[in-house]
Every structure is written in structure tokens, then in C-alpha cells.
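These notes concern the structure reproduced below.
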Amino acid sequence: MIFLAAQVLPGDVARRILGPFADQASVDALSKELGTDRSLIAQYWGWISSFVTGDLGQSPAQSRPVSDIVVDAIVASGKLALLAFIIVVPLAIAGGVVAAMNEGSLRDRLISVGGLSATAIPEFVWAVLFILVFSLGLGLFPTTAQFPEGAGIFTQIKYLLLPALCLVCVLFGYIARMARAGTIEALEADYTRTAVLKGLAQRTVIRRHVLRNSLLPTIAVVATQAGYLIGGLVIIELIFNYQGIGLALARAATQKDIPVLQSGILIIGVVYLVATLIADILYSVLNPRVRLEAAE
Amino acid sequence: MRAQRSELENHIIDEYRAGYIGRREFMRRGAVVGMSLPLVGFLASACGTEEKGGSSADGEESNKAAVKKGGVFKTGIQIPGSDLDPLKVNNQGSLGVLAQSAEFLIFSDRDLKPVPRLAESWEPNDDGSQWTFKIRQGVKYHDGTPMTSEDVAATFNLHADPDNGSNALSAFTGVLSKGGAQATDETTVVFELDAPNGNFPFNTSSDNYNLVILPKGFDPTTWPKNFQGTGPWRLDKYSPNQGVTFTPNPDYWDKTRSVLPERHEMTFYEKEAAGILGIQGGEVDVLSQFSAINGKPLLTDPNISVIELRAAQHRQLHMRTDKEPFTDKRVRQAVALLLNRDNIVKGLLEEKSDYGNDSPFAPVYRTTDKTVAQRKQDVEKAKALLAEAGKENFSVELRTWENFEMPQYAALVQNDLKAAGIDVKLNITDAGSYYGDAVFGKSPWLDSTFGITEYGHRGVPNVYLGAPLKSDGTWNSSHFKNKAYDALNTEYVAALDLQTQRTAAKKIQEMLLDEVPIIFSYFYFYLSALKPTIAGVNVSAMGHVDVTQGGVKA
């Protein structure tokens, strides 16, 4: 499907490499060299027969193995997504729980309305704001996320923190809202009332009965964000000059670099499936009814 | 001394003495025809006067300060558009990297002067159909192999061969064919041209992105591993899409350009905005280029020095001369008269631009005849022309793509044309959609009735005068077919001396001002930004950035 969709894009890869002002004879010679002058079926067969053997092929636009390009980019995106996850998931869940436990209070409104407002602001606005304040204004962070090669973990975190915070702002309200709704529902449930009437401490009730149930919808939401966090951060990657998979795919689409485009999208699809699978497993761990239904 | 000079050289000396050309142009023309720089300098001092002109820049004085040796120099540059294979490079980012480790026969400098590099000297025959280049001796590639005249001939024949997929082939069309370069002895390469060409040295220069000298039998697959050239920098590490690091070449032949920094780190920026933030945040010492429209903060930032070079880079606003409503030249003239060029130059481009006069002869070119009257906005005259042509209140689609100020330029055109009741509908896409297959019939660039296309800087206007305007031109988006123009173009290209070139230039300027197949409303400056603590940086409007003499101010 990706292969066919890419054919709709105007121009061919040789023309994209050499540019609009190159002589057509040069474009034809390069097409021949790259094999892009072959029929679509021959090109697709060549790609798929290599792909099933684990060979992702060669990028015509960059003259490098596709696996190198895609793996480098996916690792870069993974680092950024992981940092954002590590910050936003506990923060948003804690925020949601605090808001639910103080339903209707000023604290609840601050978290709910503040979180939703932050979500409503596009990520590139956060990016520009953070760069202006923390990089250019206070000089605390670099303007780029592209850390030097061989940088240690703390240096990498320093470079990745601003873009990660942009994602935190975008995701916080969404996840916190789910956590809040789940917590309110769990707080009003009979089993919670029973636990309270049993005389359990509030902390124990929250940890053992409320959180376990309130996190179920939150986990589903977090899992659905995995695809976005891995492959959908083109704007953030552009502003912070970070070579993630989103940017790699955008470049591949512009250059009509079909092998990179196909492999990159397939790998993002796999990441999304794995994230969903992990969410399902967590769901079943937290919800005994799912396990019992499966057992029956 | 005059007796030892050729007829052409004596002609240039006479032009200088008679005041037809100034000292700067004398130096430049002398270099073009192969007179050595010391000789030209001596003659200029002996029989000339000083003149002002050329490039201007507020950061220029700051950039001249003495610098400390050593340190890491950091440059921000546009991301290369391809894999850096010298045959394929086609953007400033690629060129900027390529020119660190490899060299051209001639360097086309910021004052549009050809400076000898791997060629020591050059001279034409009587009609400019054959050029003889003396190749510098004692130059070695980074692996220690000597650079030879055979390498030079092989490099040119490699690019001129249609089977090799070289991006430079279009620049050689009608100029040099495969086999046209011959190494006649160890120090000499003779170029037999397809037609006489007075500006041929520029074809061999850094004006021609791809023409770095490569070893005979060059293998493009090895290039990304070693960047094997003769240049002042050796490849240390190349990280595709991220950057490249160089260390000094201790065996570099030009001791006047021995490298001062101990390392050169180039960071690639995918988007201009990221590069602008990079220099503002202090992550790079120099930002190779930025545009006036996106880089306004840099123009007013007290912590940034700006180098500005007058240049020939421009946008062509084409009108299809074979398609309604532009078949009548009065309609094309009216459109040109409706444009408010002051708004474009002063508003859109922050005055970092020269005015265009609807021909490729930018004010920066010495051959441009400045006596040709500048076209200015005249709405009433435009309306009268449209009425005469019976083409009032028409509607037309204007196509272009998202590139720097081009969408805003299109909006200004749309607004200006409203004054005469012309309804312009904008169609702004990405580059791929605009250029399509880049051949007639399959490209909005070449097929659209009304469109805006970008052209980069060149040291001489030959490229702009050829493919976009000649009857058989492959980039002729206005479909302008005029035999008189073709003849004038041939006359200009073949001219060896400035007076003949200027005479032909004036005729071309007047013809294009009348015919208006393309509106050239501005030629914008090349802008670079550097930290005020940094000096010794040499940039050219082609996108070269030479930091061999760069560093922190002493």
C-alpha cells in the first residue's frame, strides 16, 4: 500500500536527488543506476523478496543501508519518547488522582483546566516558548536536541529535556483526565466503599483498590500515544533539529526514498503493536476479570 | 611589459587606462583571461585609481580582526540534499561540505573574481573556443597521491559524460562535451569548447557545485568514507544528516591558507529556523546562510554580526508568452509595471536586496549596463496597456512553492495586480509538486502560465541567460522563443572583453525589458551570521564557507 501510495507523488527519486535543474540525460542515467527505471512490479518484487530475508535494502537517496537509517532514527525517537513517558505518566496519573480526590475543588480545577489548556496548545508553540525562555533567555538548555556523539546519559537528558517537556505539556491533560475519570469512578464503586467501611487506611484503599481500577482506561490511552510519540513528532524534531524517525520519514517522502519510507512505517507499525500488546498484558494484570474471562 | 602580453590582455589594460573599467573589474577581468594576480596588481597600481564598491556588511570589519590559533570552530549549515557524492550534490549544504576537503580549479570569490586554486593560470585562444589551463604542481590528495593534469581532464570528462548521471551536465550543455578536456602534458589541460565562451573559467570554478578535482578512476562509493580531495581539511567523522568533523590537512599546498583551528565541526540544520536558534543559542560560531525574511531577529541582535554579500540570487516570475493572457507583450509589461518593487525590497527583504530590472543582469555584475532605465511601479500606464491589449479584469493562477519568502512574494504580486483588476489565484505547494518531473508537459514549473522559481547565485549570468531564456532552453518556463535574443545570447557568451560583453548586455537588457517573458524584481543579498567574538571567516554567495583562517578574536 505504501509502495503504491508513494507512486502518486510527482517526480522520481533520481530527479529528487539531482534536483530540478539537472539534465534529463543525467536523471535517466541515475535512474538506471538505482534501478528505479524498472517496472513497478519489478521494483516491488525486488524490495519484498529482500525484506522477507531481513534485508531492508539500500536507500537510493542517501546511498546507505536502510537498516542503518531506520535503526538510528528509531533509537533516537525511542530515547525522546522514553524520557517523555518517564516524566508524563507518573505526573499525569498523580495529577489525575489528586484532582479526583479533590473533585470540584480549586486544586481539581487547576489540574483539569490547566492540563487541558496545555494539551490544547500545539507542541510547536511549547517548543518555541521553551527555547525562548530556557535556552535563549536563561541559557540553561541547548536549542537543539541533537546531543554530541558519545555523550553520557546526563548530557543526553539535558539535550532531550526541552522537547520531552513539550510532549509532556501536550499529553499531560489527556492522561490526567483519563486518570481522574477512572479514579472518580473507582472512588464511587461499592468495593471502595466496602474497603473504607472495613477500616482500611486511605492510602491502602487508594493503592490497593482505587488505583488498580482507575488505571485501566489510562493504560489504554498511554498505549495509543506510543505510535504518535515514536513516529509523529516531525514538528518537534524539526524545531529541535533532532534526527528521529518522524523526520527521517518526512525526508524519505520528500525524496521519494521508498525503501526507507516502507521500512520506517512498517517498524512504527510494529512498535505500535508491541505497545498495544504491553498495554493488554498490563490490563489483564490489573484486571482479574480479564484473566478469568480468558481462562473460561 | 605590454609587448609580452596577448592582444586580449592588452585590450583589458587599455579598457582600464581609458576608465571603462575600475580597478576591481580590472583585477577580475585580468584574472579571467589568465593574467597572474601579482601582475594584475602591479598594473593596477601603476596605471589605475582606487574605487569603492563590491560587498558591504556591518559584520565585515569585525570579521577582519586577528584570531587566535587553535580551538574548535563550529559552523551551522543547511543539511546536504544528497549523499555528498560529488557527481550528485545539488544544494548549498552539500557544496559547503564538499569544499572543505576538495578543491576547484578556480575559486569564484565574493567579488565575483576568479582566484587560482588548483589551476595556476589560464588563457583562451583568439576566439575563446579553446582554453588552456596550467595545473598547479606539488598538490597531493589526502592519501599522499599527487594530483595530476590527467586527474583534471578525467574529472571534467566524467561530468560531461551523459552516462554518468552528473548534476553538472546541464552547466556543460553547449559548452563542453565528453572528451573535450585533454591533458596535453603534465602541467597542461586544454579544453576544446562546443562554442566560443568568454566566461568559461567560471564553468570550471566553484560556481559549478560538482567540479571538485577528483582522482582519475574516481569511485563514488568510497567518497563518504574518506572525502578524498586536495583541500585544507581532512575528514574525521561524517554522521549522515547530523554533521561532519574535519581536522587540518598538514600537507596542504597553500601555506597562505594553512589551517588555524584544530578542528572544524559542521552541524547540519534541516530547517533554517533551527539554524537561527543555533547561532542565537551559541551552539555554532557561524551560520553559513540565513534569509532576511526568517532571520529578522539576527539582523537586530546585538550579539550577532552579519556579513552581507551582494549577489545575483533571485526569483523568476515567469509568464507564458505562448498562452493567454500573456501572449501580448503589453500585458506582460503591465504586470511588470504593477509590481511595487519598493515594497518587495524594503518591506519583504528588509533592504537586503538589489532592485531587479527584468533581466538576469543583476546590479552586482560588472557587465550590467547601468544606463538602462529602472522599471518602476506605474499603475496608470499598466491599466492603459491592458486596455490597449483588450485584456482587462482577467483571472490567472500563480504557482510557486513553500520556500523562504516566495509565498509572501506571491501574495505581494497578487495584491499589486488587484490595482488593475487582475485576479490572481495562488497555488502554493511543496517543491516536489511544483517541479514535478522537471520536463515540459510534466511539470507545473515549466507548464504553468504564471509561476515563481528560485535561482541561486552565479559569478556570471551565463546560466540565467541560457536555459531559462533561449528558444531551446530546458528551463524556459515562459516559453520565450525569440531568434534575435538567441543571437544576442550567443554574442554575449562568446565575448572575451568587457566592452563587447557590456554592449551585448545592454541589448539583452533592453530587449528583455520590452518583451518581459520573466520579471526579475529583486536580487537578494547572501547573509551569514557569526558570533561577534569570531573573525577570519570567508563566505561566498554560492554557499562556500572557508574557516581555515577563522577563530576567536585575539
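Naming scheme: A, B, ... for chains in displayed order of the C-alpha cells; residues 1 onward per chain; ligands 1 onward as shown.
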Quiz item: Quick one: residues within 10 Å of Glu149 in chain A, only C-alpha atoms counted, chain neighbours fewer than 6 positions away excluded, as a list in words?
Solution: Gln156 of chain A; Ser239 and Gln242 of chain B
Quiz item: Got a sec to pull out which chain A residues are within 8 Å of chain B, counting only C-alpha atoms, and send them as an NGL selection string?
Solution: :A and (9-12 or 15-30 or 61-63 or 135-136 or 139 or 142-144 or 146 or 238-241 or 243 or 254)
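The smallest atom-to-atom distance between Lys376 in chain B and any of B:Val97, B:Glu402, B:Val364, B:Gly356, using only C-alpha atoms, is found for B:Gly356.
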Quiz item: Per DSSP on the backbone, what are the alpha helix (DSSP H) residues of range 364-516 of chain B, as a PyMOL selection string?
Solution: chain B and resi 379-389+406-418+431-435+444-447+462-465+483-494+498-515
Any chance you could export the current selection's C-alpha atoms as a short mmCIF file (atom, residue, chain, number, x, y, z; two decimals), in the first residue's frame?
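Heads up, here's the output in again.cif:
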```cif
data_model
loop_
_atom_site.label_atom_id
_atom_site.label_comp_id
_atom_site.auth_asym_id
_atom_site.auth_seq_id
_atom_site.Cartn_x
_atom_site.Cartn_y
_atom_site.Cartn_z
CA VAL B 379 -0.41 51.66 -12.26
CA GLU B 380 -1.97 54.10 -14.71
CA LYS B 381 0.38 53.13 -17.52
CA ALA B 382 -0.27 49.48 -16.74
CA LYS B 383 -4.03 49.99 -16.94
CA ALA B 384 -3.63 51.79 -20.26
CA LEU B 385 -1.53 48.93 -21.67
CA LEU B 386 -4.10 46.37 -20.55
CA ALA B 387 -6.89 48.43 -22.15
CA GLU B 388 -4.92 48.67 -25.40
CA ALA B 389 -4.42 44.92 -25.38
CA MET B 406 8.39 33.02 -2.13
CA PRO B 407 4.84 32.60 -0.74
CA GLN B 408 4.93 36.16 0.61
CA TYR B 409 6.29 37.41 -2.70
CA ALA B 410 3.39 35.66 -4.45
CA ALA B 411 0.97 37.39 -2.07
CA LEU B 412 2.51 40.79 -2.87
CA VAL B 413 2.17 40.08 -6.60
CA GLN B 414 -1.47 39.10 -6.02
CA ASN B 415 -2.10 42.32 -4.13
CA ASP B 416 -0.32 44.59 -6.60
CA LEU B 417 -2.17 43.14 -9.59
CA LYS B 418 -5.54 43.80 -7.94
CA ALA B 431 8.88 21.60 -4.13
CA GLY B 432 8.11 18.11 -5.46
CA SER B 433 4.67 19.11 -6.64
CA TYR B 434 5.92 22.33 -8.21
CA TYR B 435 8.83 20.85 -10.12
CA PRO B 444 3.97 22.93 -13.18
CA TRP B 445 7.28 24.84 -13.14
CA LEU B 446 7.61 24.54 -16.91
CA ASP B 447 3.93 24.30 -17.83
CA ASN B 462 25.51 32.86 -18.43
CA VAL B 463 23.36 30.18 -16.78
CA TYR B 464 20.39 32.54 -16.35
CA LEU B 465 20.72 33.79 -19.92
CA LYS B 483 15.73 34.26 -32.56
CA ALA B 484 17.08 37.78 -32.03
CA TYR B 485 17.51 37.01 -28.36
CA ASP B 486 19.25 33.72 -29.12
CA ALA B 487 21.70 35.56 -31.36
CA LEU B 488 22.36 38.18 -28.69
CA ASN B 489 22.94 35.45 -26.14
CA THR B 490 25.50 33.79 -28.41
CA GLU B 491 27.17 37.16 -28.92
CA TYR B 492 27.35 37.81 -25.17
CA VAL B 493 28.61 34.34 -24.27
CA ALA B 494 31.35 34.44 -26.91
CA LEU B 498 34.20 43.64 -21.06
CA GLN B 499 33.22 46.28 -23.57
CA THR B 500 31.86 43.69 -26.02
CA GLN B 501 30.07 41.93 -23.19
CA ARG B 502 28.56 45.21 -21.97
CA THR B 503 27.44 46.12 -25.48
CA ALA B 504 25.65 42.77 -25.84
CA ALA B 505 24.36 43.00 -22.26
CA LYS B 506 22.72 46.36 -22.95
CA LYS B 507 20.94 44.98 -25.99
CA ILE B 508 19.73 41.99 -23.99
CA GLN B 509 18.63 44.17 -21.08
CA GLU B 510 16.63 46.43 -23.38
CA MET B 511 15.09 43.53 -25.24
CA LEU B 512 14.01 41.72 -22.08
CA LEU B 513 12.71 44.93 -20.56
CA ASP B 514 10.47 45.27 -23.60
CA GLU B 515 9.48 41.62 -24.07
#
```
Quiz item: Contacts of Leu105 in chain B at 7 Å or less, counting only C-alpha atoms, minus same-chain residues fewer than 3 places along, as a list in words?
Solution: Pro116, Arg117, Leu118, Ala119, Thr204 and Ser205 of chain B
Any chance you can output those residues with N, CA and C atoms as a compact mmCIF listing (two decimals), in the first residue's frame?
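Result written to selection_35.txt:
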```txt
# COMPACT_ATOMS: atom_id res chain seq x y z
N PRO B 116 42.89 31.78 -8.58
CA PRO B 116 43.50 30.48 -8.91
C PRO B 116 43.58 29.57 -7.69
N ARG B 117 43.22 28.32 -7.88
CA ARG B 117 43.41 27.32 -6.83
C ARG B 117 44.22 26.18 -7.43
N LEU B 118 43.55 25.12 -7.91
CA LEU B 118 44.33 24.03 -8.49
C LEU B 118 44.82 24.37 -9.90
N ALA B 119 44.25 25.39 -10.48
CA ALA B 119 44.81 25.93 -11.73
C ALA B 119 45.68 27.11 -11.35
N THR B 204 34.54 26.23 -14.78
CA THR B 204 35.46 25.31 -14.11
C THR B 204 35.62 25.64 -12.64
N SER B 205 34.94 26.69 -12.22
CA SER B 205 35.20 27.24 -10.88
C SER B 205 34.23 26.69 -9.84
```
Within range 138-316 of chain B, find each residue whose DSSP state, derived from the backbone, is strand (DSSP E), and express the selection as a compact mmCIF listing (two decimals) with N, CA and C atoms, in the first residue's frame.
```txt
# COMPACT_ATOMS: atom_id res chain seq x y z
N ALA B 181 38.05 17.76 -22.65
CA ALA B 181 39.20 18.14 -21.82
C ALA B 181 40.33 17.15 -22.07
N GLN B 182 41.49 17.67 -22.41
CA GLN B 182 42.64 16.81 -22.71
C GLN B 182 43.86 17.28 -21.93
N ALA B 183 44.53 16.34 -21.27
CA ALA B 183 45.80 16.67 -20.61
C ALA B 183 46.89 16.54 -21.67
N THR B 184 47.44 17.68 -22.09
CA THR B 184 48.42 17.63 -23.18
C THR B 184 49.83 17.39 -22.66
N ASP B 185 50.09 17.74 -21.43
CA ASP B 185 51.34 17.34 -20.77
C ASP B 185 51.11 17.34 -19.27
N THR B 188 49.51 20.75 -18.18
CA THR B 188 48.57 21.49 -19.02
C THR B 188 47.30 20.69 -19.34
N VAL B 189 46.17 21.37 -19.24
CA VAL B 189 44.91 20.79 -19.71
C VAL B 189 44.30 21.77 -20.70
N VAL B 190 43.92 21.23 -21.86
CA VAL B 190 43.31 22.07 -22.89
C VAL B 190 41.83 21.69 -23.01
N PHE B 191 40.98 22.71 -22.99
CA PHE B 191 39.54 22.49 -23.13
C PHE B 191 39.12 22.96 -24.52
N GLU B 192 38.61 22.02 -25.30
CA GLU B 192 38.05 22.37 -26.62
C GLU B 192 36.55 22.53 -26.41
N TRP B 233 41.13 20.62 4.62
CA TRP B 233 40.58 19.83 5.73
C TRP B 233 40.48 18.36 5.35
N ARG B 234 40.80 17.50 6.33
CA ARG B 234 40.64 16.06 6.14
C ARG B 234 39.44 15.57 6.92
N LEU B 235 38.77 14.60 6.38
CA LEU B 235 37.59 14.05 7.06
C LEU B 235 38.00 13.36 8.36
N ASP B 236 37.30 13.71 9.42
CA ASP B 236 37.48 13.00 10.69
C ASP B 236 36.30 12.05 10.89
N LYS B 237 35.09 12.61 10.86
CA LYS B 237 33.91 11.76 11.04
C LYS B 237 32.71 12.38 10.33
N TYR B 238 32.00 11.54 9.62
CA TYR B 238 30.79 12.00 8.93
C TYR B 238 29.59 11.26 9.49
N SER B 239 28.65 11.99 10.04
CA SER B 239 27.40 11.40 10.55
C SER B 239 26.27 11.89 9.65
N GLY B 243 25.97 15.81 10.92
CA GLY B 243 27.10 16.73 10.79
C GLY B 243 28.35 16.02 10.34
N VAL B 244 29.42 16.79 10.29
CA VAL B 244 30.69 16.26 9.82
C VAL B 244 31.81 17.00 10.56
N THR B 245 32.88 16.27 10.84
CA THR B 245 34.01 16.88 11.55
C THR B 245 35.27 16.72 10.71
N PHE B 246 36.04 17.78 10.66
CA PHE B 246 37.29 17.77 9.89
C PHE B 246 38.47 18.12 10.80
N THR B 247 39.64 17.61 10.41
CA THR B 247 40.89 18.01 11.05
C THR B 247 41.80 18.62 9.97
N PRO B 248 42.76 19.44 10.37
CA PRO B 248 43.59 20.10 9.34
C PRO B 248 44.41 19.10 8.51
N ARG B 263 40.18 21.94 14.74
CA ARG B 263 39.08 21.09 14.34
C ARG B 263 37.98 21.95 13.73
N HIS B 264 37.24 21.36 12.81
CA HIS B 264 36.09 22.08 12.25
C HIS B 264 34.87 21.17 12.33
N GLU B 265 33.91 21.60 13.13
CA GLU B 265 32.68 20.81 13.27
C GLU B 265 31.56 21.51 12.51
N MET B 266 30.95 20.78 11.60
CA MET B 266 29.82 21.35 10.85
C MET B 266 28.54 20.64 11.31
N THR B 267 27.57 21.43 11.73
CA THR B 267 26.27 20.87 12.14
C THR B 267 25.26 21.13 11.04
N PHE B 268 24.52 20.07 10.69
CA PHE B 268 23.50 20.23 9.64
C PHE B 268 22.18 20.64 10.26
N TYR B 269 21.54 21.61 9.63
CA TYR B 269 20.22 22.03 10.09
C TYR B 269 19.19 21.72 9.00
N VAL B 286 29.35 30.16 13.42
CA VAL B 286 28.93 30.80 12.17
C VAL B 286 27.72 30.06 11.64
N LEU B 287 26.73 30.82 11.16
CA LEU B 287 25.63 30.22 10.41
C LEU B 287 25.87 30.61 8.96
N SER B 288 26.11 29.60 8.14
CA SER B 288 26.55 29.85 6.77
C SER B 288 25.61 30.78 6.00
N GLN B 289 24.30 30.55 6.11
CA GLN B 289 23.36 31.44 5.41
C GLN B 289 22.02 31.51 6.15
N PHE B 290 21.43 32.67 6.10
CA PHE B 290 20.05 32.80 6.56
C PHE B 290 19.35 33.80 5.66
N SER B 305 26.98 39.22 14.58
CA SER B 305 27.50 40.03 13.47
C SER B 305 26.98 39.43 12.17
N VAL B 306 26.62 40.30 11.26
CA VAL B 306 26.08 39.82 9.99
C VAL B 306 27.02 40.21 8.85
N ILE B 307 27.34 39.22 8.02
CA ILE B 307 28.09 39.50 6.79
C ILE B 307 27.07 39.48 5.66
N GLU B 308 27.03 40.53 4.86
CA GLU B 308 26.10 40.50 3.74
C GLU B 308 26.87 40.70 2.44
N LEU B 309 26.56 39.86 1.47
CA LEU B 309 27.21 39.94 0.17
C LEU B 309 26.16 40.25 -0.89
N HIS B 314 18.09 35.13 -7.08
CA HIS B 314 16.84 35.84 -7.37
C HIS B 314 15.68 34.88 -7.55
N ARG B 315 14.51 35.44 -7.77
CA ARG B 315 13.31 34.66 -8.11
C ARG B 315 12.85 35.10 -9.49
N GLN B 316 12.50 34.15 -10.31
CA GLN B 316 11.99 34.48 -11.64
C GLN B 316 10.47 34.34 -11.63
```
